[in-house]
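Engineer: Take a look at final_19.cif, mmCIF, C-alpha atoms (C1' of nucleotides):
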```cif
data_data
loop_
_atom_site.label_atom_id
_atom_site.label_comp_id
_atom_site.auth_asym_id
_atom_site.auth_seq_id
_atom_site.Cartn_x
_atom_site.Cartn_y
_atom_site.Cartn_z
CA MET A 87 -25.63 -101.73 255.97
CA ASN A 88 -22.97 -104.40 255.96
CA ASN A 89 -21.01 -102.90 258.86
CA LEU A 90 -24.22 -102.31 260.74
CA PHE A 91 -25.43 -105.90 260.51
CA LYS A 92 -21.95 -107.13 261.33
CA ALA A 93 -21.81 -104.95 264.43
CA LEU A 94 -25.21 -106.13 265.61
CA ASN A 95 -24.40 -109.78 265.02
CA ASP A 96 -22.82 -110.34 268.42
CA PRO A 97 -24.50 -110.55 271.82
CA THR A 98 -21.69 -108.74 273.63
CA ARG A 99 -21.91 -105.79 271.27
CA ARG A 100 -25.68 -105.64 271.59
CA GLN A 101 -25.28 -105.67 275.36
CA ILE A 102 -22.85 -102.78 275.11
CA LEU A 103 -25.44 -100.82 273.17
CA ASP A 104 -28.03 -101.62 275.82
CA LEU A 105 -25.62 -100.48 278.51
CA LEU A 106 -25.03 -97.15 276.80
CA ARG A 107 -28.75 -96.42 276.80
CA GLY A 108 -28.31 -95.63 280.47
CA GLY A 109 -25.77 -92.93 279.59
CA ASP A 110 -22.24 -92.52 278.36
CA LEU A 111 -19.52 -94.73 279.78
CA ASN A 112 -15.77 -94.98 279.35
CA ALA A 113 -14.09 -98.09 278.02
CA GLY A 114 -13.06 -99.33 281.45
CA ASP A 115 -16.53 -99.02 282.92
CA ILE A 116 -17.93 -100.92 279.97
CA ALA A 117 -15.32 -103.66 280.25
CA GLU A 118 -16.13 -104.04 283.96
CA GLN A 119 -19.61 -105.25 283.08
CA PHE A 120 -18.35 -108.21 281.11
CA ASP A 121 -16.46 -111.38 281.91
CA MET A 122 -13.97 -110.61 279.19
CA THR A 123 -10.62 -108.88 278.92
CA LYS A 124 -10.29 -105.17 278.15
CA PRO A 125 -8.66 -105.74 274.77
CA SER A 126 -11.60 -107.87 273.70
CA ILE A 127 -14.06 -105.18 274.73
CA SER A 128 -11.89 -102.59 273.02
CA HIS A 129 -12.19 -104.59 269.82
CA HIS A 130 -15.97 -104.78 270.14
CA LEU A 131 -16.12 -101.03 270.74
CA ASP A 132 -14.08 -100.51 267.61
CA LEU A 133 -16.54 -102.50 265.51
CA LEU A 134 -19.46 -100.57 266.99
CA ARG A 135 -17.63 -97.35 266.14
CA GLN A 136 -16.98 -98.51 262.58
CA ALA A 137 -20.69 -99.11 262.21
CA GLY A 138 -21.41 -95.62 263.53
CA LEU A 139 -23.37 -97.00 266.46
CA VAL A 140 -21.16 -95.37 269.07
CA GLU A 141 -18.96 -92.30 269.20
CA ALA A 142 -15.66 -92.23 271.03
CA THR A 143 -14.33 -89.01 272.49
CA LYS A 144 -11.14 -88.73 274.46
CA GLN A 145 -11.43 -87.11 277.85
CA GLY A 146 -8.05 -86.98 279.48
CA GLN A 147 -6.82 -90.50 279.89
CA PHE A 148 -10.33 -91.89 279.52
CA ILE A 149 -12.27 -92.52 276.36
CA ASN A 150 -15.92 -91.76 276.55
CA TYR A 151 -18.35 -93.85 274.53
CA SER A 152 -21.80 -92.63 273.62
CA LEU A 153 -24.65 -94.19 271.71
CA ASN A 154 -25.59 -92.92 268.26
CA THR A 155 -28.90 -94.33 267.14
CA THR A 156 -29.22 -92.36 263.92
CA VAL A 157 -27.58 -95.22 262.04
CA LEU A 158 -30.42 -97.46 263.10
CA ASP A 159 -32.86 -95.37 261.09
CA GLU A 160 -31.68 -96.98 257.89
CA LEU A 161 -32.27 -100.42 259.34
CA LEU A 162 -35.64 -99.36 260.67
CA ALA A 163 -36.70 -98.17 257.23
CA TRP A 164 -35.58 -101.45 255.69
CA LEU A 165 -37.58 -103.45 258.21
CA ILE A 166 -40.69 -101.37 257.82
CA SER A 167 -40.56 -101.75 254.06
CA PHE A 168 -40.74 -105.49 254.59
CA GLN A 169 -43.85 -105.28 256.66
CA LYS A 170 -45.46 -103.24 253.89
CA LYS A 171 -44.32 -105.18 250.85
CA ASP A 172 -45.65 -108.32 252.43
CA GLU A 173 -49.11 -107.14 251.42
CA PRO A 174 -49.96 -106.61 247.78
CA LEU A 175 -49.25 -103.08 246.57
CA ASN A 176 -52.90 -102.64 245.68
CA SER A 177 -54.56 -101.87 248.99
CA THR A 178 -58.03 -102.60 247.61
CA THR A 179 -57.20 -106.30 247.69
CA LYS A 180 -59.51 -108.21 249.98
CA THR A 181 -58.02 -109.42 253.22
CA ASN A 182 -59.55 -111.73 255.80
CA GLN A 183 -62.27 -109.93 257.67
CA PRO A 184 -64.26 -111.20 260.62
CA SER A 185 -67.71 -112.11 259.24
CA MET B 1146 -32.46 -112.88 268.26
CA ASN B 1147 -29.10 -114.52 267.70
CA ASN B 1148 -30.23 -116.61 264.75
CA LEU B 1149 -32.03 -113.63 263.32
CA PHE B 1150 -29.03 -111.32 263.36
CA LYS B 1151 -26.86 -114.11 262.05
CA ALA B 1152 -29.23 -114.69 259.15
CA LEU B 1153 -29.37 -111.02 258.28
CA ASN B 1154 -25.60 -110.61 258.45
CA ASP B 1155 -24.96 -111.66 254.87
CA PRO B 1156 -25.72 -109.75 251.68
CA THR B 1157 -26.73 -112.85 249.72
CA ARG B 1158 -29.29 -113.80 252.34
CA ARG B 1159 -30.68 -110.27 252.45
CA GLN B 1160 -30.98 -110.36 248.67
CA ILE B 1161 -32.89 -113.63 248.91
CA LEU B 1162 -35.33 -111.98 251.30
CA ASP B 1163 -35.72 -109.09 248.88
CA LEU B 1164 -36.35 -111.53 246.05
CA LEU B 1165 -39.08 -113.30 247.99
CA ARG B 1166 -40.95 -110.04 248.47
CA GLY B 1167 -41.99 -110.45 244.86
CA GLY B 1168 -43.60 -113.79 245.70
CA ASP B 1169 -42.71 -117.35 246.56
CA LEU B 1170 -39.95 -119.10 244.66
CA ASN B 1171 -38.47 -122.56 244.67
CA ALA B 1172 -34.84 -123.22 245.50
CA GLY B 1173 -33.75 -123.52 241.90
CA ASP B 1174 -35.35 -120.25 240.84
CA ILE B 1175 -33.65 -118.53 243.74
CA ALA B 1176 -30.27 -120.06 242.93
CA GLU B 1177 -30.62 -118.90 239.32
CA GLN B 1178 -30.51 -115.28 240.45
CA PHE B 1179 -27.08 -115.64 241.99
CA ASP B 1180 -23.60 -116.30 240.71
CA MET B 1181 -23.18 -119.11 243.18
CA THR B 1182 -23.70 -122.86 243.23
CA LYS B 1183 -26.98 -124.43 244.30
CA PRO B 1184 -25.53 -126.06 247.41
CA SER B 1185 -24.34 -122.66 248.60
CA ILE B 1186 -27.78 -121.16 248.11
CA SER B 1187 -29.29 -124.18 249.80
CA HIS B 1188 -27.12 -123.45 252.80
CA HIS B 1189 -28.22 -119.81 252.89
CA LEU B 1190 -31.85 -120.87 252.66
CA ASP B 1191 -31.29 -123.20 255.58
CA LEU B 1192 -29.97 -120.38 257.74
CA LEU B 1193 -32.90 -118.18 256.77
CA ARG B 1194 -35.24 -121.02 257.70
CA GLN B 1195 -33.51 -121.52 261.05
CA ALA B 1196 -34.09 -117.86 261.78
CA GLY B 1197 -37.75 -118.23 260.86
CA LEU B 1198 -37.45 -115.70 258.05
CA VAL B 1199 -38.59 -118.13 255.37
CA GLU B 1200 -40.77 -121.20 255.28
CA ALA B 1201 -40.00 -124.19 253.12
CA THR B 1202 -42.79 -126.40 251.82
CA LYS B 1203 -42.27 -129.33 249.55
CA GLN B 1204 -44.29 -129.36 246.38
CA GLY B 1205 -43.55 -132.45 244.40
CA GLN B 1206 -39.90 -132.42 243.54
CA PHE B 1207 -39.67 -128.68 244.18
CA ILE B 1208 -39.31 -126.90 247.46
CA ASN B 1209 -41.22 -123.69 247.73
CA TYR B 1210 -39.78 -120.87 249.81
CA SER B 1211 -41.91 -118.08 251.17
CA LEU B 1212 -41.12 -115.02 253.24
CA ASN B 1213 -42.20 -114.83 256.88
CA THR B 1214 -41.81 -111.33 258.23
CA THR B 1215 -43.36 -111.91 261.63
CA VAL B 1216 -39.93 -112.69 263.05
CA LEU B 1217 -38.87 -109.18 262.11
CA ASP B 1218 -41.38 -107.74 264.56
CA GLU B 1219 -39.13 -108.58 267.46
CA LEU B 1220 -36.24 -106.78 265.81
CA LEU B 1221 -38.47 -103.86 264.96
CA ALA B 1222 -39.53 -103.53 268.59
CA TRP B 1223 -35.92 -103.63 269.71
CA LEU B 1224 -34.96 -100.88 267.29
CA ILE B 1225 -37.87 -98.66 268.19
CA SER B 1226 -37.06 -98.98 271.87
CA PHE B 1227 -33.65 -97.53 271.05
CA GLN B 1228 -35.11 -94.50 269.39
CA LYS B 1229 -37.21 -93.88 272.48
CA LYS B 1230 -34.70 -94.54 275.21
CA ASP B 1231 -32.35 -92.10 273.54
CA GLU B 1232 -34.43 -89.33 275.04
CA PRO B 1233 -34.74 -88.97 278.79
CA LEU B 1234 -37.68 -90.88 280.24
CA ASN B 1235 -39.14 -87.68 281.60
CA SER B 1236 -40.88 -86.11 278.64
CA THR B 1237 -41.15 -82.72 280.32
CA THR B 1238 -37.43 -82.24 279.84
CA LYS B 1239 -36.67 -79.24 277.69
CA THR B 1240 -35.45 -79.97 274.18
CA ASN B 1241 -34.14 -77.55 271.58
CA GLN B 1242 -37.00 -75.47 270.27
CA PRO B 1243 -36.88 -72.89 267.50
CA SER B 1244 -37.01 -69.47 269.19
"C1'" DT C 516 11.04 -87.47 286.14
"C1'" DA C 517 9.40 -91.91 287.51
"C1'" DT C 518 5.35 -94.48 288.28
"C1'" DA C 519 0.63 -95.66 287.88
"C1'" DT C 520 -3.61 -95.84 285.18
"C1'" DA C 521 -6.60 -96.17 280.89
"C1'" DT C 522 -6.81 -97.86 276.62
"C1'" DT C 523 -5.35 -99.65 272.35
"C1'" DT C 524 -2.40 -102.37 269.18
"C1'" DA C 525 -0.05 -106.62 267.86
"C1'" DG C 526 0.17 -111.30 267.33
"C1'" DA C 527 -1.42 -115.99 268.14
"C1'" DC C 528 -5.02 -119.50 268.23
"C1'" DA C 529 -9.52 -121.98 267.99
"C1'" DT C 530 -13.96 -121.63 265.98
"C1'" DT C 531 -17.19 -120.23 262.63
"C1'" DT C 532 -18.41 -118.95 258.09
"C1'" DA C 533 -18.98 -119.04 253.10
"C1'" DC C 534 -17.83 -121.19 249.40
"C1'" DC C 535 -16.71 -125.17 246.34
"C1'" DT C 536 -17.09 -130.21 244.26
"C1'" DA C 537 -18.86 -134.79 244.74
"C1'" DA C 538 -22.28 -137.79 246.43
"C1'" DT C 539 -26.97 -138.67 248.03
"C1'" DT C 540 -32.03 -138.46 248.32
"C1'" DA C 541 -36.49 -137.87 246.45
"C1'" DA C 542 -39.76 -137.28 242.85
"C1'" DC C 543 -41.20 -137.19 238.20
"C1'" DT C 544 -41.54 -139.38 233.42
"C1'" DA C 545 -40.60 -142.14 229.13
"C1'" DT D 789 -37.81 -149.63 235.81
"C1'" DA D 790 -34.23 -146.61 234.07
"C1'" DG D 791 -33.07 -142.06 233.45
"C1'" DT D 792 -33.67 -137.17 234.46
"C1'" DT D 793 -34.43 -133.28 237.41
"C1'" DA D 794 -34.57 -130.71 242.01
"C1'" DA D 795 -32.56 -130.16 246.06
"C1'" DT D 796 -29.86 -131.41 250.01
"C1'" DT D 797 -26.02 -133.48 252.58
"C1'" DA D 798 -21.07 -134.45 253.16
"C1'" DG D 799 -16.54 -133.13 253.21
"C1'" DG D 800 -12.87 -129.96 252.32
"C1'" DT D 801 -10.64 -125.20 252.26
"C1'" DA D 802 -9.61 -120.25 252.77
"C1'" DA D 803 -11.02 -116.27 255.14
"C1'" DA D 804 -13.27 -113.97 258.93
"C1'" DT D 805 -14.32 -113.77 263.83
"C1'" DG D 806 -13.81 -113.69 268.88
"C1'" DT D 807 -10.88 -114.37 272.34
"C1'" DC D 808 -6.53 -114.29 274.87
"C1'" DT D 809 -1.68 -112.51 276.52
"C1'" DA D 810 1.99 -109.28 275.92
"C1'" DA D 811 3.54 -104.93 274.42
"C1'" DA D 812 2.84 -100.09 273.24
"C1'" DT D 813 0.85 -95.43 273.78
"C1'" DA D 814 -0.91 -91.63 276.20
"C1'" DT D 815 -2.31 -89.18 280.14
"C1'" DA D 816 -2.18 -88.11 285.04
"C1'" DT D 817 0.28 -87.61 289.39
"C1'" DA D 818 3.69 -88.08 293.33
#
```
Translate this structure into structure tokens?
Structural biologist:
Amino acid sequence: MNNLFKALNDPTRRQILDLLRGGDLNAGDIAEQFDMTKPSISHHLDLLRQAGLVEATKQGQFINYSLNTTVLDELLAWLISFQKKDEPLNSTTKTNQPS
Amino acid sequence: MNNLFKALNDPTRRQILDLLRGGDLNAGDIAEQFDMTKPSISHHLDLLRQAGLVEATKQGQFINYSLNTTVLDELLAWLISFQKKDEPLNSTTKTNQPS
DNA sequence: TATATATTTAGACATTTACCTAATTAACTA
DNA sequence: TAGTTAATTAGGTAAATGTCTAAATATATA
């Protein structure tokens, strides 16, 4: 989870993920969307890859990046468990009801 | 979202959230659970508070910390939207079916 | 083969982060 | 009121982070 949270803790990287929802892109096309140098974007892509959020596949001289959301499942499960554990385990406990 | 991701991007802070699932605790009781000084924990609690993940209420000389999971809803929605957008918008598109 | 293009790697730098110790603030209690 | 306890604030430090420029690598093409 550490790499995942680290990867998500940056607006540029989250924007990259959002971009890739529209379909695969190569590194250059991604870099074009940001006011930042290619090496910087390359670094961000590397962190996303380390977290398993994107996959990089070489296609000739280009490198294609695609989204991989399966890693997010773990995070999703963690979040959902919070919503649940917020209530007492015993579901017979009275909660506020409209009278 | 920035403060939220920042707050979650630290194992100690995530452990504090996990701790608070068991019920409210004051700063000292939280600090006791970690091999770290009180000022350091105080700092972590501050970041969690800034993100809206915990609420601090003074009770005499103690400060009570309680979990607030409503902030996680936003993150949850963001994550779920990823799971969806991964598939083409058009739901009539053929997917792999067992033959 | 020489040149151009796509991308990464290397190295430097400023900022942020996580931690510590020491000092401060606030509240309780003998 | 003096002393103790709970917690934060202040200030310092080492490590991590995000960015840049310059150099390197790999592929394509004239």
Engineer: Can you pull out every residue within 8 Å of Leu1164 (chain B), counting only C-alpha atoms (C1' of nucleotides), but drop anything in the same chain fewer than 4 positions away, and send it as JSON, numbers by chain?
Structural biologist: {"B": [1160, 1168, 1175]}
Engineer: Selected residues, C-alpha atoms, written as an mmCIF file, keeping the file's coordinate frame, please.
Structural biologist:
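The new file part.cif reads:
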```
data_model
loop_
_atom_site.group_PDB
_atom_site.id
_atom_site.type_symbol
_atom_site.label_atom_id
_atom_site.label_comp_id
_atom_site.auth_asym_id
_atom_site.auth_seq_id
_atom_site.Cartn_x
_atom_site.Cartn_y
_atom_site.Cartn_z
ATOM 1 C CA GLN B 1160 -30.980 -110.360 248.670
ATOM 2 C CA GLY B 1168 -43.600 -113.790 245.700
ATOM 3 C CA ILE B 1175 -33.650 -118.530 243.740
#
```
Engineer: Hey, what's within 12 Å of DA802 (chain D) if we count all atoms listed in the file and toss same-chain stuff fewer than 6 positions away? As a list in words, please?
Structural biologist: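 These residues fall inside the cut-off: DT532, DA533, DC534 and DC535 of chain C.
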Engineer: Would you write out, as a list in words, every residue that the PyMOL selection byres ((chain B) within 10 of (chain C)) captures in this file?
Structural biologist: Asp1155, Met1181, Thr1182, Pro1184, Ser1185, His1188, His1189, Gln1204, Gly1205, Gln1206 and Phe1207 of chain B
Engineer: For the PyMOL selection byres ((chain D) within 8 of (chain A)), applied here, can you spell out every residue it catches as number ranges by chain?
Structural biologist: D: 806-808, 814-816
Engineer: Write out as a list in words every residue belonging to chain A that has an atom at most 7 Å from any atom of chain B, counting only C-alpha atoms.
Structural biologist: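 For chain A, the answer reads Phe91, Lys92, Leu94, Asn95, Arg107, Thr155, Leu162, Leu165, Phe168, Gln169, Lys171 and Asp172 of chain A.
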Engineer: Those residues you just picked out, can you put them in a file as a compact mmCIF listing (two decimals), keeping the file's coordinate frame with C-alpha atoms?
Structural biologist:
```txt
# COMPACT_ATOMS: atom_id res chain seq x y z
CA PHE A 91 -25.43 -105.90 260.51
CA LYS A 92 -21.95 -107.13 261.33
CA LEU A 94 -25.21 -106.13 265.61
CA ASN A 95 -24.40 -109.78 265.02
CA ARG A 107 -28.75 -96.42 276.80
CA THR A 155 -28.90 -94.33 267.14
CA LEU A 162 -35.64 -99.36 260.67
CA LEU A 165 -37.58 -103.45 258.21
CA PHE A 168 -40.74 -105.49 254.59
CA GLN A 169 -43.85 -105.28 256.66
CA LYS A 171 -44.32 -105.18 250.85
CA ASP A 172 -45.65 -108.32 252.43
```
Engineer: Up to 8 Å from (-27.3, -130.5, 251.2) in the file's coordinates: name the residues, counting only C-alpha atoms (C1' of nucleotides), as a ChimeraX atom specification.
Structural biologist: /B:1184,1187-1188 /D:795-798
Engineer: Got a sec: who's within 7 Å of Asn1209 (chain B), counting all atoms listed in the file, leaving out chain neighbours fewer than 6 positions off, as a PyMOL selection string?
Structural biologist: chain B and resi 1169-1172+1201-1203
Engineer: Could you state the separation of CA of Glu160 (chain A) and CA of Arg1158 (chain B) in Å, given to one decimal place?
Structural biologist: 17.9 Å
Engineer: Please indicate the distance in Å from CA of Trp1223 (chain B) to CA of Ala117 (chain A), rounded to one decimal place.
Structural biologist: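 So the answer is 23.1 Å.
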Engineer: Kindly give the distance, in Å, that separates C1' of DT805 (chain D) and CA of Ile102 (chain A), rounded to a single decimal.
Structural biologist: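 Interatomic distance, C1' of DT805 (chain D) to CA of Ile102 (chain A): 17.9 Å.
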Engineer: At most 8 Å from (-22.1, -96.5, 262.9), file frame, all atoms listed in the file: which residues, as a ChimeraX atom specification?
Structural biologist: /A:89-90,134-140,154,157
Engineer: Hey, can you spit out that residue selection with C-alpha atoms as a compact mmCIF listing (two decimals), keeping the file's coordinate frame?
Structural biologist:
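Dumped everything to out32.txt:
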```txt
# COMPACT_ATOMS: atom_id res chain seq x y z
CA ASN A 89 -21.01 -102.90 258.86
CA LEU A 90 -24.22 -102.31 260.74
CA LEU A 134 -19.46 -100.57 266.99
CA ARG A 135 -17.63 -97.35 266.14
CA GLN A 136 -16.98 -98.51 262.58
CA ALA A 137 -20.69 -99.11 262.21
CA GLY A 138 -21.41 -95.62 263.53
CA LEU A 139 -23.37 -97.00 266.46
CA VAL A 140 -21.16 -95.37 269.07
CA ASN A 154 -25.59 -92.92 268.26
CA VAL A 157 -27.58 -95.22 262.04
```
